[in-house]
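Peer 1: Below are the structure tokens for one structure; questions will follow.
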Amino acid sequence: MGKDVLLGVTGSIAAYKAAELARGLVRAGHSVHVVMTRSAQEFITPLTFQTLTGNKVHTEMFERLEAPNVEHVSLAKRVDLVILAPATANLIGKLAGGIADDMLTTVCMAAWQKPMILCPAMNTAMYENPFHQANLRKLQETLECTILQPRQAELACGDVGRGALAEVSDILTAALKKLEDIHGND
Ligand SMILES: Cc1cc2nc3c(=O)[nH]c(=O)nc-3n(C[C@H](O)[C@H](O)[C@H](O)COP(=O)(O)O)c2cc1C
């Protein structure tokens with residue numbers, strides 16, 4: 001049976017790869033609910049995800065709703081799995097600090113008990129930053145969080161090093177395995 005997946009997309013040059021991930025999840029029979037940060041929308045449009053998933057894409061915390069509904073809470077309750085791909089250093093810092101200042105971080109705050117797959121992507125120096133590393137450790141120790149570490153590659157900024165988003169196929173494999181485990185608990 002198809003499950004509900006929250007796909008959080010943030011302001012990384014790798015944001016376009018989340019479209020392929022959304023497509024793979026939909027093809028596998030799951031319902032994908034995309035939440036984009038404002039920065040993510042500089043890289044890829046909500047329309048792309050809306051078309052691929054057939055679901056409304058969430059971008060705003062304070063939008064007018066047809067029916068009274070606290071959407072960040074209902075979305076957090078509804079989903080079986082949270083995937084954050086690509087996850088910026090900023091998002092990871094906010095999650096580790098308990099900050100909820102936009103739709104994505106607020107849904108994540110409410111969905112902390114749900115399994116999470118976190119896929120960091122950033123420049124190598126940002127990735128190696130000790131605050132960022134401490135934030136990753138904190139999330140791993142505190143939440144049911146699988147971190148798919150970034151790959152070593154030539155990055156968009158021209159640097160060569162760790163920071164490239166994990167392969168979409170690996171993210172998809174990890175997500176489908178997690179969803180299967182949830183199936184097992186039905
Ligand atoms: C061209 C460009 C590429 C960027 N790529 C990344 C990235 O891969 N990872 C990252 O952590 N930040 C990246 N940033 C910086 C983030 O967009 C910035 O920190 C932003 O505040 C993140 O917001 P968000 O976490 O709410 O999406 C990039 C910025 C620009 C202009």
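Residues in the structure tokens are named by chain (A, B, ... in the order shown) and by number from 1 within that chain; ligands are numbered from 1 in the order shown.
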Grab me every residue within 7 Å of ligand 1, counting only C-alpha atoms and all ligand atoms, and send it over as a list of chain:residue names.
Peer 2: A:Thr10, A:Gly11, A:Ser12, A:Ile13, A:Ala14, A:Thr37, A:Arg38, A:Ser39, A:Ala40, A:Ala87, A:Thr88, A:Ala89, A:Asn90, A:Leu91, A:Ala121, A:Met122, A:Asn123
Peer 1: Just want the 12 Å neighbourhood of stretch 48-62 of chain A, counted on only C-alpha atoms, with same-chain residues fewer than 3 positions away dropped. Output as a PyMOL selection string.
Peer 2: chain A and resi 4-10+15-41+43-45+65+69-73+75+100-107
Peer 1: I want to know what sits within 12 Å of A:Asp181, based on only C-alpha atoms, with residues of the same chain fewer than 4 positions away left out; could you give that as a ChimeraX atom specification?
Peer 2: /A:3,80-81,115,174-177,185-186
Peer 1: So that I can check the secondary structure, give me every residue of stretch 12-186 of chain A assigned helix (DSSP H, G or I) by backbone DSSP, as a ChimeraX atom specification.
Peer 2: /A:13-27,40-42,46-53,71-78,89-97,103-110,124-128,130-142,168-184
Peer 1: Residues within 10 Å of A:Ala134, please, as a PyMOL selection string. Count only C-alpha atoms; anything in the same chain fewer than 6 positions from it doesn't count.
Peer 2: chain A and resi 93+96+128+140
Peer 1: For a quick check of understanding, using only C-alpha atoms, which of A:Thr173, A:Gln113, A:Thr124, A:Gln133 has the smallest distance to A:Cys145?
Peer 2: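 Using only C-alpha atoms, A:Cys145 sits closest to A:Gln113.
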Peer 1: Select, from A:Glu167, A:Met109, A:Cys157, A:Ile92, the residue with the minimum atom-to-atom distance to A:His132, counting only C-alpha atoms.
Peer 2: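 Distance minimum relative to A:His132 lands on A:Ile92.
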Peer 1: Please report the interatomic distance between atom CA of A:Glu154 and atom CA of A:Val168 in Å with one decimal.
Peer 2: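 According to the coordinates, atom CA of A:Glu154 and atom CA of A:Val168 are separated by 16.7 Å.
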Peer 1: Show me, as an MDAnalysis selection string, the residues that have an atom within 8 Å of A:Ala153 when counting only C-alpha atoms, minus same-chain residues fewer than 2 positions from it.
Peer 2: chainID A and resid 151 155 160:164
Peer 1: Could you write out that same residue set with C-alpha atoms as a PDB file, in the first residue's frame?
Peer 2:
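Okay, part_2.pdb is ready:
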ATOM      1  CA  ARG A 151      29.663  12.249  -1.911  1.00  0.00           C
ATOM      2  CA  LEU A 155      31.196  20.570  -6.748  1.00  0.00           C
ATOM      3  CA  VAL A 160      36.736  19.070  -5.317  1.00  0.00           C
ATOM      4  CA  GLY A 161      35.723  17.425  -2.053  1.00  0.00           C
ATOM      5  CA  ARG A 162      32.920  16.008   0.065  1.00  0.00           C
ATOM      6  CA  GLY A 163      29.610  17.830  -0.304  1.00  0.00           C
ATOM      7  CA  ALA A 164      27.737  16.516  -3.348  1.00  0.00           C
TER       8      ALA A 164
END
Peer 1: As an exercise, work out the distance from atom CA of A:Asp159 to atom CA of A:Ile117 in Å and give it to one decimal place.
Peer 2: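 Computing the Euclidean distance for atom CA of A:Asp159 and atom CA of A:Ile117 yields 25.9 Å.
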